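For reference, start-v3.pdb is printed below; it contains PDB, C-alpha atoms, pLDDT in the B column.
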```pdb
ATOM      1  CA  MET A1170      14.098 -13.089  -5.594  1.00 61.00           C
ATOM      2  CA  ALA A1171      12.344 -10.513  -7.755  1.00 80.00           C
ATOM      3  CA  VAL A1172       9.923  -8.199  -5.991  1.00 83.00           C
ATOM      4  CA  SER A1173       7.190  -8.970  -8.527  1.00 83.00           C
ATOM      5  CA  THR A1174       7.499 -12.698  -7.794  1.00 86.00           C
ATOM      6  CA  GLU A1175       7.451 -12.030  -4.078  1.00 86.00           C
ATOM      7  CA  ILE A1176       4.320  -9.882  -4.470  1.00 88.00           C
ATOM      8  CA  TRP A1177       2.611 -12.810  -6.206  1.00 89.00           C
ATOM      9  CA  ARG A1178       3.742 -15.188  -3.452  1.00 86.00           C
ATOM     10  CA  SER A1179       2.517 -12.717  -0.838  1.00 86.00           C
ATOM     11  CA  TRP A1180      -1.064 -13.157  -2.013  1.00 86.00           C
ATOM     12  CA  ARG A1181      -0.855 -16.880  -1.256  1.00 86.00           C
ATOM     13  CA  GLY A1182       0.842 -16.464   2.122  1.00 85.00           C
ATOM     14  CA  PRO A1183       1.232 -12.936   3.541  1.00 84.00           C
ATOM     15  CA  GLY A1184       2.834 -14.150   6.781  1.00 82.00           C
ATOM     16  CA  ALA A1185       5.434 -16.262   5.001  1.00 84.00           C
ATOM     17  CA  ALA A1186       6.198 -13.441   2.555  1.00 86.00           C
ATOM     18  CA  VAL A1187       6.861 -10.919   5.313  1.00 87.00           C
ATOM     19  CA  ARG A1188       8.958 -13.538   7.139  1.00 86.00           C
ATOM     20  CA  ARG A1189      11.152 -13.796   4.030  1.00 87.00           C
ATOM     21  CA  GLN A1190      11.347 -10.003   3.883  1.00 85.00           C
ATOM     22  CA  MET A1191      12.402  -9.828   7.532  1.00 85.00           C
ATOM     23  CA  ALA A1192      15.360 -12.144   6.825  1.00 86.00           C
ATOM     24  CA  GLY A1193      17.277  -9.311   5.175  1.00 81.00           C
ATOM     25  CA  ALA A1194      15.407  -6.385   6.678  1.00 84.00           C
ATOM     26  CA  THR A1195      17.088  -3.002   6.754  1.00 90.00           C
ATOM     27  CA  GLU A1196      15.693   0.476   7.122  1.00 94.00           C
ATOM     28  CA  GLY A1197      16.739   1.213   3.558  1.00 94.00           C
ATOM     29  CA  ARG A1198      14.743  -1.739   2.219  1.00 92.00           C
ATOM     30  CA  ALA A1199      11.661  -0.714   4.192  1.00 94.00           C
ATOM     31  CA  LEU A1200      11.923   2.840   2.864  1.00 96.00           C
ATOM     32  CA  ALA A1201      12.375   1.554  -0.692  1.00 95.00           C
ATOM     33  CA  TYR A1202       9.213  -0.553  -0.352  1.00 95.00           C
ATOM     34  CA  LEU A1203       7.279   2.430   0.962  1.00 97.00           C
ATOM     35  CA  MET A1204       8.456   4.815  -1.731  1.00 97.00           C
ATOM     36  CA  ALA A1205       7.828   2.261  -4.494  1.00 96.00           C
ATOM     37  CA  ALA A1206       4.327   1.606  -3.151  1.00 97.00           C
ATOM     38  CA  CYS A1207       3.491   5.302  -2.857  1.00 98.00           C
ATOM     39  CA  PHE A1208       4.822   5.984  -6.359  1.00 97.00           C
ATOM     40  CA  LEU A1209       2.768   3.124  -7.829  1.00 97.00           C
ATOM     41  CA  ILE A1210      -0.329   4.331  -5.978  1.00 97.00           C
ATOM     42  CA  PHE A1211       0.323   7.814  -7.389  1.00 98.00           C
ATOM     43  CA  ILE A1212       0.525   6.346 -10.897  1.00 97.00           C
ATOM     44  CA  ALA A1213      -2.693   4.412 -10.234  1.00 97.00           C
ATOM     45  CA  GLN A1214      -4.469   7.760  -9.749  1.00 96.00           C
ATOM     46  CA  TRP A1215      -3.703   8.998 -13.272  1.00 97.00           C
ATOM     47  CA  PRO A1216      -6.700   7.477 -15.120  1.00 97.00           C
ATOM     48  CA  ARG A1217      -9.152   8.733 -12.491  1.00 97.00           C
ATOM     49  CA  LEU A1218      -7.587  12.196 -12.442  1.00 97.00           C
ATOM     50  CA  SER A1219      -7.679  12.339 -16.231  1.00 97.00           C
ATOM     51  CA  ARG A1220     -11.361  11.418 -16.221  1.00 96.00           C
ATOM     52  CA  GLU A1221     -12.128  14.060 -13.588  1.00 96.00           C
ATOM     53  CA  ALA A1222     -10.195  16.725 -15.505  1.00 96.00           C
ATOM     54  CA  TYR A1223     -12.144  15.881 -18.657  1.00 96.00           C
ATOM     55  CA  LEU A1224     -15.505  15.957 -16.892  1.00 95.00           C
ATOM     56  CA  MET A1225     -14.707  19.025 -14.766  1.00 95.00           C
ATOM     57  CA  PRO A1226     -12.200  21.166 -16.706  1.00 94.00           C
ATOM     58  CA  GLU A1227     -12.217  23.981 -14.128  1.00 96.00           C
ATOM     59  CA  VAL A1228      -9.259  22.256 -12.458  1.00 96.00           C
ATOM     60  CA  PRO A1229      -6.680  21.251 -15.067  1.00 96.00           C
ATOM     61  CA  LEU A1230      -5.101  17.808 -15.160  1.00 96.00           C
ATOM     62  CA  GLU A1231      -1.665  19.204 -14.276  1.00 97.00           C
ATOM     63  CA  ALA A1232      -3.007  20.684 -11.033  1.00 97.00           C
ATOM     64  CA  ARG A1233      -4.673  17.411 -10.129  1.00 97.00           C
ATOM     65  CA  LEU A1234      -1.506  15.434 -10.868  1.00 97.00           C
ATOM     66  CA  GLY A1235       0.577  17.872  -8.827  1.00 97.00           C
ATOM     67  CA  ALA A1236      -1.728  17.539  -5.851  1.00 97.00           C
ATOM     68  CA  ALA A1237      -1.692  13.740  -6.121  1.00 97.00           C
ATOM     69  CA  LEU A1238       2.115  13.754  -6.361  1.00 97.00           C
ATOM     70  CA  LEU A1239       2.407  15.916  -3.273  1.00 97.00           C
ATOM     71  CA  GLY A1240      -0.053  13.754  -1.376  1.00 97.00           C
ATOM     72  CA  TRP A1241       1.186  10.284  -2.315  1.00 97.00           C
ATOM     73  CA  VAL A1242       4.930  10.762  -2.706  1.00 96.00           C
ATOM     74  CA  PHE A1243       5.680  13.397  -0.065  1.00 96.00           C
ATOM     75  CA  ILE A1244       2.936  13.386   2.583  1.00 97.00           C
ATOM     76  CA  ALA A1245       1.618   9.800   2.602  1.00 97.00           C
ATOM     77  CA  PRO A1246       5.015   8.286   3.553  1.00 97.00           C
ATOM     78  CA  LEU A1247       5.035  10.403   6.710  1.00 97.00           C
ATOM     79  CA  PHE A1248       1.531   9.217   7.534  1.00 98.00           C
ATOM     80  CA  PHE A1249       2.506   5.591   6.979  1.00 98.00           C
ATOM     81  CA  TYR A1250       5.537   5.919   9.254  1.00 97.00           C
ATOM     82  CA  GLY A1251       3.212   7.205  11.981  1.00 97.00           C
ATOM     83  CA  LEU A1252       0.691   4.444  11.323  1.00 97.00           C
ATOM     84  CA  ALA A1253       3.427   1.798  11.546  1.00 97.00           C
ATOM     85  CA  ALA A1254       4.593   3.217  14.878  1.00 97.00           C
ATOM     86  CA  LEU A1255       1.055   3.263  16.211  1.00 97.00           C
ATOM     87  CA  SER A1256       0.472  -0.315  15.070  1.00 96.00           C
ATOM     88  CA  HIS A1257       3.651  -1.417  16.853  1.00 96.00           C
ATOM     89  CA  LEU A1258       2.480   0.223  20.080  1.00 96.00           C
ATOM     90  CA  VAL A1259      -0.919  -1.479  19.790  1.00 95.00           C
ATOM     91  CA  ALA A1260       0.756  -4.824  19.114  1.00 94.00           C
ATOM     92  CA  LYS A1261       2.990  -4.342  22.157  1.00 93.00           C
ATOM     93  CA  ALA A1262      -0.106  -3.743  24.272  1.00 93.00           C
ATOM     94  CA  PHE A1263      -1.393  -7.142  23.105  1.00 90.00           C
ATOM     95  CA  GLY A1264       1.879  -8.918  23.858  1.00 89.00           C
ATOM     96  CA  GLY A1265       3.780  -8.296  20.641  1.00 88.00           C
ATOM     97  CA  GLN A1266       7.515  -8.956  20.762  1.00 92.00           C
ATOM     98  CA  GLY A1267       8.514  -7.402  17.444  1.00 89.00           C
ATOM     99  CA  THR A1268      10.601  -4.381  16.565  1.00 91.00           C
ATOM    100  CA  TRP A1269       9.817  -0.960  15.180  1.00 95.00           C
ATOM    101  CA  LEU A1270      11.464  -1.996  11.917  1.00 94.00           C
ATOM    102  CA  GLY A1271       9.289  -5.101  11.749  1.00 93.00           C
ATOM    103  CA  ALA A1272       6.125  -3.041  12.122  1.00 94.00           C
ATOM    104  CA  ARG A1273       7.267  -0.658   9.393  1.00 96.00           C
ATOM    105  CA  LEU A1274       8.205  -3.519   7.097  1.00 94.00           C
ATOM    106  CA  ALA A1275       4.843  -5.231   7.645  1.00 94.00           C
ATOM    107  CA  LEU A1276       2.908  -2.100   6.649  1.00 96.00           C
ATOM    108  CA  PHE A1277       5.192  -1.020   3.821  1.00 96.00           C
ATOM    109  CA  TRP A1278       5.342  -4.506   2.320  1.00 94.00           C
ATOM    110  CA  THR A1279       1.548  -4.740   2.526  1.00 95.00           C
ATOM    111  CA  LEU A1280       1.230  -1.502   0.553  1.00 97.00           C
ATOM    112  CA  LEU A1281       3.658  -2.745  -2.074  1.00 95.00           C
ATOM    113  CA  ALA A1282       2.011  -6.173  -2.266  1.00 95.00           C
ATOM    114  CA  LEU A1283      -1.356  -4.525  -2.902  1.00 96.00           C
ATOM    115  CA  SER A1284      -0.029  -2.166  -5.585  1.00 95.00           C
ATOM    116  CA  PRO A1285      -1.472  -4.329  -8.420  1.00 95.00           C
ATOM    117  CA  VAL A1286      -4.939  -3.917  -6.897  1.00 96.00           C
ATOM    118  CA  PHE A1287      -4.357  -0.160  -6.519  1.00 97.00           C
ATOM    119  CA  LEU A1288      -3.458  -0.066 -10.225  1.00 97.00           C
ATOM    120  CA  LEU A1289      -6.571  -2.066 -11.138  1.00 97.00           C
ATOM    121  CA  GLN A1290      -8.768   0.210  -9.058  1.00 97.00           C
ATOM    122  CA  GLY A1291      -7.246   3.237 -10.783  1.00 97.00           C
ATOM    123  CA  LEU A1292      -8.012   1.776 -14.186  1.00 97.00           C
ATOM    124  CA  VAL A1293     -11.585   0.965 -13.184  1.00 97.00           C
ATOM    125  CA  ALA A1294     -12.071   4.460 -11.734  1.00 96.00           C
ATOM    126  CA  GLY A1295     -10.667   6.074 -14.871  1.00 96.00           C
ATOM    127  CA  PHE A1296     -12.252   3.988 -17.592  1.00 95.00           C
ATOM    128  CA  ILE A1297     -15.543   2.883 -16.039  1.00 95.00           C
ATOM    129  CA  GLY A1298     -16.088   5.467 -13.314  1.00 93.00           C
ATOM    130  CA  PRO A1299     -18.486   5.135 -10.398  1.00 94.00           C
ATOM    131  CA  SER A1300     -20.043   1.694 -10.768  1.00 96.00           C
ATOM    132  CA  PRO A1301     -20.444  -1.663  -9.049  1.00 97.00           C
ATOM    133  CA  ALA A1302     -17.068  -2.633 -10.568  1.00 97.00           C
ATOM    134  CA  LEU A1303     -15.375   0.269  -8.779  1.00 97.00           C
ATOM    135  CA  THR A1304     -17.115  -0.661  -5.548  1.00 97.00           C
ATOM    136  CA  ALA A1305     -16.010  -4.282  -5.945  1.00 97.00           C
ATOM    137  CA  THR A1306     -12.372  -3.332  -6.542  1.00 97.00           C
ATOM    138  CA  GLY A1307     -12.541  -1.021  -3.546  1.00 97.00           C
ATOM    139  CA  VAL A1308     -13.844  -3.843  -1.378  1.00 97.00           C
ATOM    140  CA  VAL A1309     -11.122  -6.217  -2.616  1.00 96.00           C
ATOM    141  CA  LEU A1310      -8.512  -3.545  -1.965  1.00 97.00           C
ATOM    142  CA  THR A1311      -9.768  -2.774   1.532  1.00 97.00           C
ATOM    143  CA  LEU A1312     -10.168  -6.409   2.589  1.00 96.00           C
ATOM    144  CA  GLY A1313      -6.858  -7.355   0.985  1.00 95.00           C
ATOM    145  CA  PHE A1314      -5.079  -4.539   2.790  1.00 96.00           C
ATOM    146  CA  PHE A1315      -6.391  -5.398   6.229  1.00 96.00           C
ATOM    147  CA  VAL A1316      -5.931  -9.156   5.832  1.00 94.00           C
ATOM    148  CA  HIS A1317      -2.369  -8.775   4.525  1.00 94.00           C
ATOM    149  CA  TRP A1318      -1.437  -6.187   7.114  1.00 95.00           C
ATOM    150  CA  LEU A1319      -2.885  -8.065  10.084  1.00 93.00           C
ATOM    151  CA  LEU A1320      -1.239 -11.329   9.040  1.00 93.00           C
ATOM    152  CA  ALA A1321       2.065  -9.538   8.453  1.00 93.00           C
ATOM    153  CA  MET A1322       1.842  -7.776  11.819  1.00 94.00           C
ATOM    154  CA  ALA A1323       1.044 -11.065  13.588  1.00 92.00           C
ATOM    155  CA  GLU A1324       4.137 -12.576  11.954  1.00 91.00           C
ATOM    156  CA  VAL A1325       6.582  -9.778  12.813  1.00 91.00           C
ATOM    157  CA  GLU A1326       5.195  -9.277  16.312  1.00 90.00           C
ATOM    158  CA  GLY A1327       5.056 -12.980  17.164  1.00 85.00           C
ATOM    159  CA  ILE A1328       1.347 -12.881  17.956  1.00 81.00           C
ATOM    160  CA  GLY A1329      -0.972 -15.765  17.195  1.00 67.00           C
ATOM    161  CA  PRO A1330      -0.660 -19.516  16.905  1.00 60.00           C
ATOM    162  CA  GLY A1331       2.742 -21.068  16.694  1.00 48.00           C
TER     163      GLY A1331
END
```

Conversion result in structure tokens:
Amino acid sequence: MAVSTEIWRSWRGPGAAVRRQMAGATEGRALAYLMAACFLIFIAQWPRLSREAYLMPEVPLEARLGAALLGWVFIAPLFFYGLAALSHLVAKAFGGQGTWLGARLALFWTLLALSPVFLLQGLVAGFIGPSPALTATGVVLTLGFFVHWLLAMAEVEGIGPG
């Protein structure tokens, strides 16, 4: 199944989507999801960075893009690997029976599934700027992330009803 279709299906049932992802889970697939998500989040920053460079030309756009590239494509994946490990340890403390790979896949798939909202937030930040619309997209992004991630973690760790 296409990743874009699976992302759409993930919004209707995050637990079921991560269950389907776990069926063929490999470390390579998890890493591909993470890198794709981080790259899309990096791209989502472009409109905002362009706006900031226009409004504050002391720091050129190229410098801003370079910093965002370093942060999202090279540093953020390391952070997310650590966060996935920490989430697995917390789940184990609450009776989780999953694997390290499952915890990574739950987090990395959540990031990829939310990439359309990251892209929308980037567009709002770049074209509208600070506004209630940006706040609203931020709230949707934050709530969507935590709901997707918690449901995915409950599925891969075997916690919850069923």

Name the residues in contact with stretch 1188-1190 of chain A at a cut-off of 9 Å, using all atoms listed in the file, excluding same-chain residues fewer than 3 positions from it; report them as a short mmCIF file (atom, residue, chain, number, x, y, z; two decimals) with C-alpha atoms, in the frame of the given file.
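Final file, out-v3.cif:
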```cif
data_model
loop_
_atom_site.label_atom_id
_atom_site.label_comp_id
_atom_site.auth_asym_id
_atom_site.auth_seq_id
_atom_site.Cartn_x
_atom_site.Cartn_y
_atom_site.Cartn_z
CA PRO A 1183 1.23 -12.94 3.54
CA GLY A 1184 2.83 -14.15 6.78
CA ALA A 1185 5.43 -16.26 5.00
CA GLY A 1193 17.28 -9.31 5.18
CA ALA A 1194 15.41 -6.38 6.68
CA LEU A 1274 8.20 -3.52 7.10
CA ALA A 1275 4.84 -5.23 7.64
CA TRP A 1278 5.34 -4.51 2.32
CA ALA A 1321 2.06 -9.54 8.45
CA GLU A 1324 4.14 -12.58 11.95
CA VAL A 1325 6.58 -9.78 12.81
#
```

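Atom CA of A:Leu1312 is positioned 23.4 Å from atom CA of A:Met1191.
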
If the PyMOL selection byres ((chain A and resi 1252) around 12) were run on this exact file, what residues would it hold? Put them as a ChimeraX atom specification.
/A:1245-1251,1253-1259,1269,1272-1277,1318

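Ranking A:Phe1287, A:Glu1221, A:Leu1319, A:Ile1244 by their shortest atom-to-atom distance to A:Pro1299, with all atoms listed in the file included, puts A:Glu1221 first.
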
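The two atoms in question, atom CA of A:Leu1303 and atom CA of A:Gln1290, are spaced 6.6 Å apart.
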
Considering all atoms listed in the file, return as a VMD selection string whatever protein or nucleic-acid residues lie within 10 Å of A:Gly1267, sequence-local ones (same chain, fewer than 6 positions apart) excluded.
chain A and resid 1257 1260 to 1261 1322 to 1328

message = Env of A:Phe1296: 8 Å cut, atoms = only C-alpha atoms, seq-sep filter 2 positions within chain, self excluded. Answer as a PyMOL selection string.
response = chain A and resi 1216-1217+1220+1292-1294+1298

Going by the chain IDs and residue numbers used in this file, which residues fall under the PyMOL selection byres ((chain A and resi 1209) around 9)? Write them as JSON, numbers by chain. {"A": [1204, 1205, 1206, 1207, 1208, 1210, 1211, 1212, 1213, 1214, 1281, 1284, 1285, 1287, 1288]}

Dump of C-alpha atoms for the selected residues, as a PDB file, in the coordinates of the input:
```pdb
ATOM      1  CA  MET A1204       8.456   4.815  -1.731  1.00 97.00           C
ATOM      2  CA  ALA A1205       7.828   2.261  -4.494  1.00 96.00           C
ATOM      3  CA  ALA A1206       4.327   1.606  -3.151  1.00 97.00           C
ATOM      4  CA  CYS A1207       3.491   5.302  -2.857  1.00 98.00           C
ATOM      5  CA  PHE A1208       4.822   5.984  -6.359  1.00 97.00           C
ATOM      6  CA  ILE A1210      -0.329   4.331  -5.978  1.00 97.00           C
ATOM      7  CA  PHE A1211       0.323   7.814  -7.389  1.00 98.00           C
ATOM      8  CA  ILE A1212       0.525   6.346 -10.897  1.00 97.00           C
ATOM      9  CA  ALA A1213      -2.693   4.412 -10.234  1.00 97.00           C
ATOM     10  CA  GLN A1214      -4.469   7.760  -9.749  1.00 96.00           C
ATOM     11  CA  LEU A1281       3.658  -2.745  -2.074  1.00 95.00           C
ATOM     12  CA  SER A1284      -0.029  -2.166  -5.585  1.00 95.00           C
ATOM     13  CA  PRO A1285      -1.472  -4.329  -8.420  1.00 95.00           C
ATOM     14  CA  PHE A1287      -4.357  -0.160  -6.519  1.00 97.00           C
ATOM     15  CA  LEU A1288      -3.458  -0.066 -10.225  1.00 97.00           C
TER      16      LEU A1288
END
```

_Can you translate the PyMOL selection byres ((chain A and resi 1306) around 8) into the concrete residues it hits in this file, as a ChimeraX atom specification?_
/A:1286,1289-1290,1293,1302-1305,1307-1310

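Shortest atom-to-atom contact with A:Tyr1223 among A:Gly1264, A:Gly1295, A:Ala1237, A:Leu1283: A:Gly1295, counting only C-alpha atoms.
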
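Pairwise distance (atom CA of A:Trp1241, atom CA of A:Thr1195) equals 22.6 Å.
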
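Among the candidates A:Leu1203, A:Ala1236, A:Ala1282, A:Leu1230, the one nearest to A:Trp1177 when counting only C-alpha atoms is A:Ala1282.
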
Using 6 Å of padding on each side, determine the axis-aligned box around all atoms of stretch 1237-1247 of chain A present in the file and give its centre and edge lengths in Å to one decimal, as JSON.
```
{"center_x": 2.0, "center_y": 12.1, "center_z": 0.2, "size_x": 19.4, "size_y": 19.6, "size_z": 25.1}
```

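Counting all atoms listed in the file, the residue from A:Met1225, A:Val1316, A:Leu1218, A:Leu1239 that sits nearest to A:Leu1280 is A:Val1316.
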
With distances taken over only C-alpha atoms, the candidate from A:Ser1219, A:Leu1234, A:Thr1279, A:Gly1265 nearest A:Glu1175 is A:Thr1279

So that I can look at just that part, could you write stretch 1195-1226 of chain A with N, CA and C atoms, as a PDB file, in the first residue's frame?
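File result_35.pdb, as written:
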```pdb
ATOM      1  N   THR A1195      10.894  -3.528   9.824  1.00  0.00           N
ATOM      2  CA  THR A1195      12.341  -3.737   9.845  1.00  0.00           C
ATOM      3  C   THR A1195      12.973  -2.427  10.308  1.00  0.00           C
ATOM      4  N   GLU A1196      14.210  -2.521  10.717  1.00  0.00           N
ATOM      5  CA  GLU A1196      14.915  -1.313  11.139  1.00  0.00           C
ATOM      6  C   GLU A1196      15.070  -0.339   9.978  1.00  0.00           C
ATOM      7  N   GLY A1197      15.281  -0.883   8.792  1.00  0.00           N
ATOM      8  CA  GLY A1197      15.409  -0.037   7.607  1.00  0.00           C
ATOM      9  C   GLY A1197      14.144   0.751   7.316  1.00  0.00           C
ATOM     10  N   ARG A1198      12.985   0.112   7.476  1.00  0.00           N
ATOM     11  CA  ARG A1198      11.711   0.793   7.248  1.00  0.00           C
ATOM     12  C   ARG A1198      11.506   1.890   8.286  1.00  0.00           C
ATOM     13  N   ALA A1199      11.815   1.598   9.533  1.00  0.00           N
ATOM     14  CA  ALA A1199      11.662   2.607  10.586  1.00  0.00           C
ATOM     15  C   ALA A1199      12.558   3.810  10.301  1.00  0.00           C
ATOM     16  N   LEU A1200      13.793   3.552   9.908  1.00  0.00           N
ATOM     17  CA  LEU A1200      14.714   4.644   9.588  1.00  0.00           C
ATOM     18  C   LEU A1200      14.222   5.439   8.379  1.00  0.00           C
ATOM     19  N   ALA A1201      13.690   4.760   7.386  1.00  0.00           N
ATOM     20  CA  ALA A1201      13.156   5.458   6.210  1.00  0.00           C
ATOM     21  C   ALA A1201      11.992   6.359   6.601  1.00  0.00           C
ATOM     22  N   TYR A1202      11.113   5.889   7.484  1.00  0.00           N
ATOM     23  CA  TYR A1202      10.005   6.725   7.949  1.00  0.00           C
ATOM     24  C   TYR A1202      10.526   7.957   8.672  1.00  0.00           C
ATOM     25  N   LEU A1203      11.517   7.753   9.526  1.00  0.00           N
ATOM     26  CA  LEU A1203      12.072   8.872  10.289  1.00  0.00           C
ATOM     27  C   LEU A1203      12.727   9.893   9.372  1.00  0.00           C
ATOM     28  N   MET A1204      13.538   9.428   8.445  1.00  0.00           N
ATOM     29  CA  MET A1204      14.236  10.364   7.565  1.00  0.00           C
ATOM     30  C   MET A1204      13.259  11.091   6.646  1.00  0.00           C
ATOM     31  N   ALA A1205      12.239  10.386   6.159  1.00  0.00           N
ATOM     32  CA  ALA A1205      11.228  11.037   5.319  1.00  0.00           C
ATOM     33  C   ALA A1205      10.476  12.099   6.122  1.00  0.00           C
ATOM     34  N   ALA A1206      10.109  11.763   7.354  1.00  0.00           N
ATOM     35  CA  ALA A1206       9.399  12.720   8.202  1.00  0.00           C
ATOM     36  C   ALA A1206      10.262  13.941   8.487  1.00  0.00           C
ATOM     37  N   CYS A1207      11.505  13.723   8.854  1.00  0.00           N
ATOM     38  CA  CYS A1207      12.390  14.857   9.164  1.00  0.00           C
ATOM     39  C   CYS A1207      12.628  15.720   7.929  1.00  0.00           C
ATOM     40  N   PHE A1208      12.765  15.092   6.758  1.00  0.00           N
ATOM     41  CA  PHE A1208      12.965  15.864   5.537  1.00  0.00           C
ATOM     42  C   PHE A1208      11.719  16.687   5.205  1.00  0.00           C
ATOM     43  N   LEU A1209      10.538  16.099   5.360  1.00  0.00           N
ATOM     44  CA  LEU A1209       9.302  16.843   5.101  1.00  0.00           C
ATOM     45  C   LEU A1209       9.110  17.978   6.108  1.00  0.00           C
ATOM     46  N   ILE A1210       9.484  17.743   7.353  1.00  0.00           N
ATOM     47  CA  ILE A1210       9.388  18.809   8.357  1.00  0.00           C
ATOM     48  C   ILE A1210      10.373  19.928   8.021  1.00  0.00           C
ATOM     49  N   PHE A1211      11.556  19.565   7.532  1.00  0.00           N
ATOM     50  CA  PHE A1211      12.527  20.562   7.085  1.00  0.00           C
ATOM     51  C   PHE A1211      11.937  21.396   5.943  1.00  0.00           C
ATOM     52  N   ILE A1212      11.322  20.740   4.974  1.00  0.00           N
ATOM     53  CA  ILE A1212      10.709  21.458   3.860  1.00  0.00           C
ATOM     54  C   ILE A1212       9.583  22.359   4.361  1.00  0.00           C
ATOM     55  N   ALA A1213       8.847  21.895   5.363  1.00  0.00           N
ATOM     56  CA  ALA A1213       7.744  22.688   5.917  1.00  0.00           C
ATOM     57  C   ALA A1213       8.243  23.995   6.529  1.00  0.00           C
ATOM     58  N   GLN A1214       9.516  24.065   6.892  1.00  0.00           N
ATOM     59  CA  GLN A1214      10.063  25.284   7.496  1.00  0.00           C
ATOM     60  C   GLN A1214      10.364  26.366   6.472  1.00  0.00           C
ATOM     61  N   TRP A1215      10.468  26.017   5.200  1.00  0.00           N
ATOM     62  CA  TRP A1215      10.891  26.973   4.180  1.00  0.00           C
ATOM     63  C   TRP A1215      10.052  28.245   4.116  1.00  0.00           C
ATOM     64  N   PRO A1216       8.714  28.179   4.085  1.00  0.00           N
ATOM     65  CA  PRO A1216       7.960  29.442   4.003  1.00  0.00           C
ATOM     66  C   PRO A1216       8.200  30.352   5.212  1.00  0.00           C
ATOM     67  N   ARG A1217       8.254  29.766   6.404  1.00  0.00           N
ATOM     68  CA  ARG A1217       8.494  30.568   7.602  1.00  0.00           C
ATOM     69  C   ARG A1217       9.881  31.188   7.562  1.00  0.00           C
ATOM     70  N   LEU A1218      10.884  30.402   7.175  1.00  0.00           N
ATOM     71  CA  LEU A1218      12.247  30.917   7.115  1.00  0.00           C
ATOM     72  C   LEU A1218      12.379  32.016   6.068  1.00  0.00           C
ATOM     73  N   SER A1219      11.678  31.860   4.959  1.00  0.00           N
ATOM     74  CA  SER A1219      11.693  32.891   3.925  1.00  0.00           C
ATOM     75  C   SER A1219      11.074  34.186   4.445  1.00  0.00           C
ATOM     76  N   ARG A1220       9.981  34.065   5.155  1.00  0.00           N
ATOM     77  CA  ARG A1220       9.325  35.240   5.735  1.00  0.00           C
ATOM     78  C   ARG A1220      10.256  35.930   6.727  1.00  0.00           C
ATOM     79  N   GLU A1221      10.887  35.147   7.590  1.00  0.00           N
ATOM     80  CA  GLU A1221      11.803  35.717   8.587  1.00  0.00           C
ATOM     81  C   GLU A1221      12.991  36.393   7.918  1.00  0.00           C
ATOM     82  N   ALA A1222      13.527  35.792   6.866  1.00  0.00           N
ATOM     83  CA  ALA A1222      14.666  36.389   6.166  1.00  0.00           C
ATOM     84  C   ALA A1222      14.264  37.701   5.491  1.00  0.00           C
ATOM     85  N   TYR A1223      13.043  37.773   5.012  1.00  0.00           N
ATOM     86  CA  TYR A1223      12.560  39.007   4.390  1.00  0.00           C
ATOM     87  C   TYR A1223      12.360  40.101   5.433  1.00  0.00           C
ATOM     88  N   LEU A1224      11.791  39.715   6.586  1.00  0.00           N
ATOM     89  CA  LEU A1224      11.513  40.707   7.619  1.00  0.00           C
ATOM     90  C   LEU A1224      12.753  41.103   8.408  1.00  0.00           C
ATOM     91  N   MET A1225      13.701  40.193   8.538  1.00  0.00           N
ATOM     92  CA  MET A1225      14.943  40.446   9.273  1.00  0.00           C
ATOM     93  C   MET A1225      16.126  40.019   8.408  1.00  0.00           C
ATOM     94  N   PRO A1226      16.544  40.864   7.471  1.00  0.00           N
ATOM     95  CA  PRO A1226      17.577  40.463   6.499  1.00  0.00           C
ATOM     96  C   PRO A1226      18.999  40.356   7.063  1.00  0.00           C
TER      97      PRO A1226
END
```
